[in-house]
>>> print(open('structure26.txt').read())   # compact mmCIF, C-alpha atoms and all ligand atoms
# COMPACT_ATOMS: atom_id res chain seq x y z
CA MET A 1 67.13 -31.74 33.02
CA HIS A 2 63.98 -30.14 34.40
CA ILE A 3 62.13 -27.55 32.29
CA SER A 4 58.70 -26.40 33.48
CA PHE A 5 55.92 -25.39 31.12
CA ARG A 6 55.94 -21.90 32.65
CA GLN A 7 59.63 -21.57 31.76
CA ILE A 8 58.88 -22.62 28.19
CA GLN A 9 56.20 -19.90 27.99
CA ILE A 10 58.60 -17.28 29.36
CA PHE A 11 61.43 -18.39 27.07
CA GLN A 12 59.10 -18.31 24.06
CA THR A 13 57.83 -14.80 24.87
CA VAL A 14 61.35 -13.39 25.45
CA ALA A 15 62.57 -15.02 22.22
CA GLN A 16 59.73 -13.43 20.27
CA THR A 17 59.91 -9.94 21.81
CA GLU A 18 63.74 -9.84 22.24
CA ASN A 19 63.01 -7.63 25.24
CA PHE A 20 62.56 -8.54 28.93
CA THR A 21 60.34 -5.55 29.71
CA ARG A 22 57.96 -6.27 26.83
CA ALA A 23 57.86 -9.98 27.72
CA ALA A 24 57.08 -9.05 31.35
CA GLU A 25 54.13 -6.91 30.19
CA LEU A 26 52.72 -9.66 28.01
CA LEU A 27 52.98 -12.27 30.76
CA HIS A 28 51.76 -9.93 33.52
CA MET A 29 54.99 -10.39 35.46
CA THR A 30 57.72 -8.03 36.66
CA GLN A 31 60.88 -7.60 34.65
CA PRO A 32 63.15 -8.96 37.49
CA ALA A 33 60.90 -12.04 37.79
CA ILE A 34 61.35 -12.71 34.06
CA SER A 35 65.14 -12.29 34.28
CA MET A 36 65.25 -14.65 37.25
CA GLN A 37 63.18 -17.34 35.48
CA VAL A 38 65.40 -17.12 32.39
CA LYS A 39 68.53 -17.41 34.56
CA GLN A 40 67.07 -20.45 36.34
CA LEU A 41 66.16 -22.04 33.01
CA GLU A 42 69.69 -21.51 31.72
CA GLU A 43 71.04 -23.13 34.87
CA ASN A 44 68.67 -26.11 34.47
CA VAL A 45 69.65 -26.52 30.85
CA GLY A 46 73.34 -25.89 31.50
CA LEU A 47 73.67 -23.54 28.51
CA SER A 48 73.26 -19.83 27.79
CA LEU A 49 70.11 -19.26 25.79
CA PHE A 50 70.23 -15.48 25.28
CA GLU A 51 72.98 -12.88 24.81
CA ARG A 52 72.85 -9.09 24.93
CA GLN A 53 73.54 -7.19 21.73
CA GLY A 54 73.26 -3.55 22.76
CA LYS A 55 69.64 -3.06 23.81
CA ARG A 56 68.46 -6.26 22.15
CA ILE A 57 68.43 -9.69 23.64
CA VAL A 58 69.08 -12.34 21.01
CA LEU A 59 69.09 -16.12 21.01
CA THR A 60 72.36 -18.03 21.23
CA ALA A 61 72.86 -21.17 19.11
CA ALA A 62 71.43 -23.23 22.00
CA GLY A 63 68.55 -20.75 22.32
CA ARG A 64 67.77 -21.10 18.60
CA ALA A 65 67.77 -24.89 18.86
CA MET A 66 65.42 -24.71 21.84
CA HIS A 67 63.23 -22.18 20.07
CA THR A 68 62.39 -24.56 17.20
CA TYR A 69 60.89 -26.94 19.78
CA THR A 70 59.16 -24.33 21.92
CA CYS A 71 57.39 -22.94 18.81
CA GLU A 72 55.95 -26.39 18.20
CA ILE A 73 55.06 -26.92 21.86
CA SER A 74 53.32 -23.51 22.03
CA ALA A 75 51.34 -24.19 18.83
CA LYS A 76 50.22 -27.59 20.13
CA TYR A 77 49.28 -26.07 23.48
CA GLN A 78 47.21 -23.41 21.74
CA GLY A 79 45.55 -26.09 19.61
CA MET A 80 44.72 -28.07 22.74
CA VAL A 81 43.18 -25.03 24.45
CA GLU A 82 41.07 -24.23 21.37
CA THR A 83 39.88 -27.83 21.03
CA LEU A 84 38.90 -27.96 24.68
CA GLU A 85 37.07 -24.65 24.37
CA GLU A 86 35.21 -25.98 21.33
CA LEU A 87 34.19 -29.07 23.24
CA LYS A 88 32.65 -26.89 25.94
CA ASP A 89 30.53 -25.22 23.30
CA VAL A 90 27.20 -26.91 22.64
CA HIS A 91 27.01 -25.30 19.19
CA GLN A 92 30.26 -26.75 17.81
CA GLY A 93 32.07 -30.03 17.35
CA VAL A 94 31.92 -33.39 15.62
CA ILE A 95 29.62 -36.17 16.83
CA ASN A 96 30.12 -39.80 15.82
CA VAL A 97 26.75 -41.49 15.47
CA SER A 98 26.34 -45.11 14.43
CA ALA A 99 22.92 -46.37 13.48
CA ALA A 100 21.29 -49.60 12.35
CA ASN A 101 20.61 -49.95 8.61
CA THR A 102 16.88 -49.99 9.25
CA SER A 103 16.99 -46.69 11.14
CA ILE A 104 17.93 -44.67 8.02
CA TYR A 105 14.24 -44.10 7.35
CA PHE A 106 13.96 -41.82 10.37
CA ILE A 107 17.48 -41.00 11.60
CA THR A 108 18.34 -39.19 8.34
CA ARG A 109 15.27 -36.97 8.70
CA MET A 110 16.10 -36.24 12.33
CA LEU A 111 19.69 -35.45 11.36
CA ALA A 112 18.52 -32.99 8.71
CA GLY A 113 16.33 -31.18 11.27
CA PHE A 114 19.13 -31.08 13.84
CA SER A 115 21.71 -29.82 11.31
CA GLN A 116 19.45 -26.97 10.25
CA GLN A 117 19.31 -25.77 13.85
CA ASN A 118 23.00 -26.46 14.64
CA GLU A 119 25.14 -25.43 11.69
CA GLY A 120 28.39 -25.53 13.70
CA ILE A 121 27.99 -29.22 14.58
CA THR A 122 29.10 -31.94 12.17
CA VAL A 123 27.42 -35.30 12.62
CA SER A 124 29.38 -38.19 11.16
CA LEU A 125 26.78 -40.91 10.55
CA ASN A 126 27.88 -44.50 10.17
CA ILE A 127 25.15 -46.88 8.99
CA THR A 128 25.74 -50.55 9.65
CA ASN A 129 24.09 -53.70 10.98
CA ARG A 130 23.48 -54.74 14.54
CA LYS A 131 26.53 -57.01 14.82
CA THR A 132 28.88 -54.12 13.95
CA LEU A 133 27.03 -51.72 16.26
CA VAL A 134 27.58 -54.09 19.19
CA GLU A 135 31.30 -54.27 18.32
CA GLN A 136 31.49 -50.47 18.17
CA LEU A 137 29.87 -50.18 21.60
CA GLN A 138 32.29 -52.75 22.94
CA ASN A 139 35.26 -50.71 21.64
CA TYR A 140 33.87 -47.31 22.79
CA GLU A 141 33.96 -46.20 19.11
CA ALA A 142 30.70 -44.32 18.61
CA ASP A 143 29.44 -41.44 20.78
CA LEU A 144 25.82 -42.45 20.22
CA VAL A 145 24.27 -45.60 18.77
CA VAL A 146 20.72 -45.92 17.42
CA MET A 147 19.73 -49.56 17.37
CA GLY A 148 17.02 -52.14 18.07
CA GLU A 149 17.49 -54.07 21.30
CA PRO A 150 20.71 -53.12 23.13
CA PRO A 151 22.97 -56.07 24.02
CA SER A 152 22.55 -57.22 27.62
CA ASN A 153 26.20 -58.17 28.21
CA LEU A 154 27.64 -54.61 28.12
CA ASP A 155 27.41 -51.69 30.55
CA LEU A 156 25.26 -49.22 28.63
CA HIS A 157 22.95 -46.26 29.04
CA SER A 158 20.00 -46.94 26.84
CA GLN A 159 16.76 -45.09 26.28
CA ARG A 160 13.75 -46.40 24.38
CA LEU A 161 12.85 -44.13 21.46
CA MET A 162 9.78 -45.59 19.76
CA CYS A 163 8.12 -48.73 18.41
CA ASN A 164 9.69 -50.63 15.55
CA PRO A 165 6.94 -53.00 14.31
CA LEU A 166 8.16 -55.71 11.93
CA VAL A 167 5.48 -56.42 9.34
CA LEU A 168 5.02 -59.21 6.83
CA ILE A 169 5.00 -57.83 3.31
CA ALA A 170 3.87 -59.21 -0.04
CA PRO A 171 3.41 -57.81 -3.55
CA ALA A 172 0.13 -55.85 -3.64
CA ASN A 173 -1.47 -58.49 -5.90
CA HIS A 174 -0.53 -61.49 -3.70
CA PRO A 175 -3.45 -63.93 -3.11
CA LEU A 176 -3.13 -63.53 0.68
CA ALA A 177 -3.28 -59.70 0.50
CA GLY A 178 -6.57 -58.52 2.00
CA GLN A 179 -7.24 -61.78 3.90
CA LYS A 180 -7.82 -61.48 7.66
CA ALA A 181 -5.99 -63.22 10.53
CA ILE A 182 -3.86 -65.55 8.39
CA SER A 183 -2.25 -68.23 10.58
CA VAL A 184 1.53 -68.48 10.95
CA SER A 185 1.31 -72.11 9.71
CA ALA A 186 -0.27 -70.85 6.47
CA ILE A 187 2.75 -68.74 5.57
CA ILE A 188 5.65 -70.75 6.96
CA GLY A 189 5.95 -72.78 3.72
CA GLU A 190 6.21 -69.62 1.57
CA LYS A 191 9.45 -68.34 0.09
CA PHE A 192 11.01 -65.56 2.20
CA VAL A 193 13.46 -62.79 1.38
CA VAL A 194 15.10 -61.59 4.60
CA ARG A 195 18.06 -59.68 6.03
CA GLU A 196 21.49 -61.23 6.53
CA PRO A 197 22.58 -63.01 9.74
CA GLY A 198 24.03 -60.27 12.00
CA SER A 199 21.01 -58.03 11.37
CA GLY A 200 18.80 -57.23 14.35
CA THR A 201 15.69 -57.65 12.20
CA ARG A 202 16.84 -61.14 11.18
CA ALA A 203 17.48 -62.15 14.79
CA ALA A 204 13.99 -60.96 15.78
CA ILE A 205 12.37 -62.96 12.94
CA GLU A 206 14.13 -66.16 13.93
CA ARG A 207 13.19 -65.62 17.57
CA PHE A 208 9.55 -65.02 16.63
CA PHE A 209 9.17 -68.24 14.61
CA ALA A 210 11.00 -70.30 17.26
CA GLU A 211 8.63 -68.92 19.93
CA HIS A 212 5.70 -70.05 17.76
CA GLY A 213 7.13 -73.54 17.29
CA HIS A 214 8.44 -73.16 13.73
CA THR A 215 11.92 -73.31 12.25
CA PHE A 216 12.41 -70.36 9.95
CA THR A 217 14.23 -70.90 6.67
CA SER A 218 14.93 -68.10 4.24
CA THR A 219 15.02 -68.47 0.48
CA LEU A 220 17.04 -65.34 -0.18
CA GLU A 221 19.20 -63.20 2.10
CA MET A 222 19.96 -59.56 1.42
CA GLY A 223 22.05 -56.95 3.19
CA SER A 224 19.60 -54.08 2.87
CA ASN A 225 15.91 -53.34 3.34
CA GLU A 226 15.80 -51.70 -0.08
CA SER A 227 16.86 -54.91 -1.86
CA ILE A 228 14.32 -56.89 0.14
CA LYS A 229 11.50 -54.53 -0.88
CA TYR A 230 12.45 -54.69 -4.56
CA SER A 231 12.69 -58.49 -4.39
CA VAL A 232 9.27 -58.78 -2.79
CA ILE A 233 7.72 -56.41 -5.35
CA ALA A 234 9.35 -58.51 -8.10
CA GLY A 235 7.66 -61.65 -6.67
CA LEU A 236 10.74 -63.42 -5.26
CA GLY A 237 8.99 -64.13 -1.97
CA LEU A 238 7.43 -62.60 1.14
CA GLY A 239 9.46 -60.30 3.35
CA ILE A 240 9.54 -59.25 7.00
CA VAL A 241 10.73 -55.69 7.44
CA SER A 242 10.36 -52.71 9.73
CA LEU A 243 7.25 -50.62 9.13
CA HIS A 244 9.59 -47.61 8.99
CA SER A 245 11.14 -48.91 5.77
CA ILE A 246 7.98 -49.21 3.63
CA ARG A 247 6.25 -45.86 3.98
CA LEU A 248 6.62 -44.94 0.28
CA GLU A 249 5.65 -48.42 -0.99
CA LEU A 250 2.45 -48.34 1.08
CA GLU A 251 1.60 -44.89 -0.26
CA THR A 252 2.14 -46.05 -3.86
CA HIS A 253 0.38 -49.42 -3.20
CA SER A 254 3.31 -51.42 -4.53
CA LEU A 255 3.47 -53.54 -1.35
CA ALA A 256 0.80 -54.92 0.98
CA ILE A 257 1.09 -55.76 4.67
CA LEU A 258 -0.34 -59.24 5.28
CA ASP A 259 -2.61 -59.61 8.29
CA VAL A 260 -0.86 -62.59 9.91
CA GLN A 261 -1.70 -63.66 13.47
CA ASN A 262 0.73 -62.36 16.12
CA PHE A 263 2.13 -59.83 13.64
CA PRO A 264 3.56 -57.23 13.72
CA ILE A 265 6.54 -58.47 15.69
CA GLN A 266 6.86 -55.71 18.28
CA ARG A 267 10.33 -54.25 18.67
CA TYR A 268 11.67 -50.89 19.85
CA TRP A 269 14.33 -48.44 18.83
CA HIS A 270 16.84 -47.31 21.42
CA ILE A 271 19.49 -44.63 21.67
CA VAL A 272 22.50 -46.09 23.42
CA THR A 273 25.80 -44.90 24.89
CA ARG A 274 28.59 -46.91 26.45
CA GLU A 275 28.90 -46.48 30.21
CA GLY A 276 32.03 -44.46 30.93
CA LYS A 277 32.13 -42.76 27.51
CA TRP A 278 32.12 -38.98 27.89
CA LEU A 279 29.43 -37.19 25.86
CA SER A 280 30.28 -33.72 24.59
CA PRO A 281 27.61 -31.00 25.02
CA ALA A 282 26.99 -31.25 21.25
CA ALA A 283 26.46 -35.02 21.43
CA GLN A 284 24.19 -34.54 24.44
CA ALA A 285 22.16 -31.99 22.46
CA PHE A 286 21.80 -34.42 19.54
CA LYS A 287 20.68 -37.18 21.89
CA GLU A 288 18.00 -34.95 23.42
CA TYR A 289 16.85 -33.84 19.96
CA VAL A 290 16.44 -37.46 18.79
CA ILE A 291 14.50 -38.41 21.93
CA ALA A 292 12.13 -35.45 21.51
CA GLU A 293 11.59 -36.10 17.78
CA ALA A 294 10.97 -39.82 18.33
CA ALA A 295 7.79 -39.05 20.26
CA THR A 296 6.32 -37.31 17.19
CA TYR A 297 7.49 -39.99 14.75
CA SER A 298 5.99 -42.71 16.87
CA GLN A 299 2.45 -41.34 16.48
CA ASP A 300 3.03 -40.82 12.78
CA TYR A 301 3.99 -44.47 12.19
CA GLN A 302 1.15 -45.87 14.27
CA GLN A 303 -1.19 -44.05 11.85
CA LEU A 304 0.54 -45.83 8.96
CA LEU A 305 -0.21 -49.21 10.50
CA LEU A 306 -3.87 -48.34 10.94
CA ALA A 307 -4.27 -46.97 7.41
P1 LIG B 401 19.29 -54.11 11.57
O1 LIG B 401 18.91 -53.53 12.97
O2 LIG B 401 19.25 -52.99 10.57
O3 LIG B 401 20.67 -54.67 11.84
O4 LIG B 401 18.30 -55.20 11.23
C1 LIG B 401 17.67 -53.09 13.27
C2 LIG B 401 17.22 -53.68 14.56
O5 LIG B 401 18.06 -54.09 15.38
O6 LIG B 401 16.01 -53.73 14.72
>>> encode(input="structure26.txt", output="C-alpha cells")
Amino acid sequence: MHISFRQIQIFQTVAQTENFTRAAELLHMTQPAISMQVKQLEENVGLSLFERQGKRIVLTAAGRAMHTYTCEISAKYQGMVETLEELKDVHQGVINVSAANTSIYFITRMLAGFSQQNEGITVSLNITNRKTLVEQLQNYEADLVVMGEPPSNLDLHSQRLMCNPLVLIAPANHPLAGQKAISVSAIIGEKFVVREPGSGTRAAIERFFAEHGHTFTSTLEMGSNESIKYSVIAGLGLGIVSLHSIRLELETHSLAILDVQNFPIQRYWHIVTREGKWLSPAAQAFKEYVIAEAATYSQDYQQLLLA
C-alpha cells in the first residue's frame, strides 16, 4: 500500500473542510487535481474514504479510521517544521554545555552575561570532572565542553580560552607564607588536600611532581574545590588549586599563595566540540561569546596573581 505525504496532506485538508473547492484553495491546487488525488489515494488504499451527502463530503468509516492517524502525522510534521525553524534562529533554542568543576568560577559569570543578552536561549549547564567530560565527548553528548587539556585520542575542535594557573595554597598564618622561592623538596613532605582521581587538576599535580622527580602522595582527597579550600583554611594541609577558585579567599586574606619554585603549574582552559557534532546557531553564538569574554577574564586573573 503506497500513500505519499502529499496525499496525506490533501486527505487531511478535505477531511477538515468537507469541501473539495475549499481544500483546493487552501492547498493552492485546482479542484479537479484534488478530486484526482483523492481518487488515486482511494485506489491505493483499496477503500472509499469519502462519500457525498448532498453538498457535503463526509468521511466513511475507513476515512474516519485514517483520519485519526493523519491528525497525528500532521501535528508531528508541524512540530518538526517548528523545531527546525527554531534551530535556524540564533536567538532561540537549548544548548547543552558541560564544564569542569573548576570552571564554575568563570563559566557561571559568562553564562549570566550571555543569558541577559539572549533571553530566548536556555543553556543547560552540567558541571562535572574531567573523566566524565571526556566520556561525554566520546558519546557526542554535550554541544560544548569547557575543560582543561582536551584528550588527544579523540577527533575534536578545541580552542584555547585562557590561562589556568594552579597555585599552592596554605592558611594565611602558615609559617611558609611570605617566604620567597621555597623549593619543591621543602614542601613535598607536607600534608596535602587535593582533588579526586579523575579530576584534571589532580592529573596535572601528579604530572608536575613526577616531572620534578617526586612521587606525590595526598593526605586527603575531596571532590570539590570548595571543600579543599575550607580544609586548607582549617589547617588540614596544603592545597593545589586553580587560581580561578580562590579569588574571594585572597581578597579576604583567609588563604595565602605560597611562592614555591616552578609554581604556578601552567595550564589552560579550552572550549571543545566533538568533530562531526552539528552546532546550532545558538550554540555557536555561546561559543563565540565565551571566547570573547575569556580574553577579558585572562587579564583580570593575571592581576590577581601579581597582587
Ligand atoms: P577538574 O578539571 O575540575 O576535573 O579538575 C579542571 C581541569 O581539567 O583543569
>>> closest_residue(input="structure26.txt", among="A:Pro281, A:Phe263, A:Gly148, A:Ala15", to="Asn101 in chain A", atoms="all atoms listed in the file")
A:Gly148
>>> residues_near_ligand(input="structure26.txt", ligand="ligand LIG 401 (chain B)", cutoff="6 Å", atoms="all atoms listed in the file", output="list of chain:residue names")
A:Ala100, A:Asn101, A:Thr102, A:Asn129, A:Arg130, A:Met147, A:Gly148, A:Glu149, A:Ser199, A:Gly200, A:Thr201
>>> atom_distance(input="structure26.txt", atom1="CA of Val193 in chain A", atom2="CA of Gly237 in chain A")
5.7 Å
>>> closest_residue(input="structure26.txt", among="A:Glu18, A:Glu251, A:Glu275, A:Asp259", to="Asp143 in chain A", atoms="only C-alpha atoms")
A:Glu275
>>> residues_around(input="structure26.txt", residues="range 204-212 of chain A", least_positions_apart="5", cutoff="10 Å", atoms="only C-alpha atoms", output="list in words")
Gly148, Glu149, Leu166, Val184, Ser185, Ile188, Val194, Arg195, Pro197, Ser199, Thr217, Ser218, Ile240, Val241, Asn262, Phe263, Ile265, Gln266 and Arg267 of chain A
>>> atom_distance(input="structure26.txt", atom1="CA of His67 in chain A", atom2="CA of Gln12 in chain A")
6.9 Å
>>> closest_residue(input="structure26.txt", among="A:Glu119, A:Thr219, A:Val134, A:Asn153", to="Val90 in chain A", atoms="only C-alpha atoms")
A:Glu119
>>> closest_residue(input="structure26.txt", among="A:Gly178, A:Gly120, A:Gly113, A:Pro171", to="Leu87 in chain A", atoms="only C-alpha atoms")
A:Gly120
>>> atom_distance(input="structure26.txt", atom1="CA of Ile246 in chain A", atom2="CA of Ile107 in chain A")
14.9 Å
>>> closest_residue(input="structure26.txt", among="A:Ile10, A:Leu248, A:Leu47, A:Ala75", to="Ala62 in chain A", atoms="all atoms listed in the file")
A:Leu47
>>> residues_around(input="structure26.txt", residues="range 33-39 of chain A", least_positions_apart="4", cutoff="7 Å", atoms="all atoms listed in the file", output="ChimeraX atom specification")
/A:7,11,20,24,29,43
>>> closest_residue(input="structure26.txt", among="A:Ile8, A:Val58, A:Leu137, A:Leu236", to="Ile73 in chain A", atoms="all atoms listed in the file")
A:Ile8
>>> closest_atom_pairs(input="structure26.txt", of="range 53-171 of chain A", to="range 285-288 of chain A", cutoff="9 Å", atoms="all atoms listed in the file", output="CSV")
residue,atom,partner,partner_atom,distance
A:Val90,CA,A:Ala285,CA,7.2
A:His91,CA,A:Ala285,CA,8.9
A:Ile95,CA,A:Phe286,CA,8.5
A:Leu111,CA,A:Phe286,CA,8.5
A:Phe114,CA,A:Phe286,CA,7.1
A:Val123,CA,A:Phe286,CA,9.0
A:Leu144,CA,A:Lys287,CA,7.5
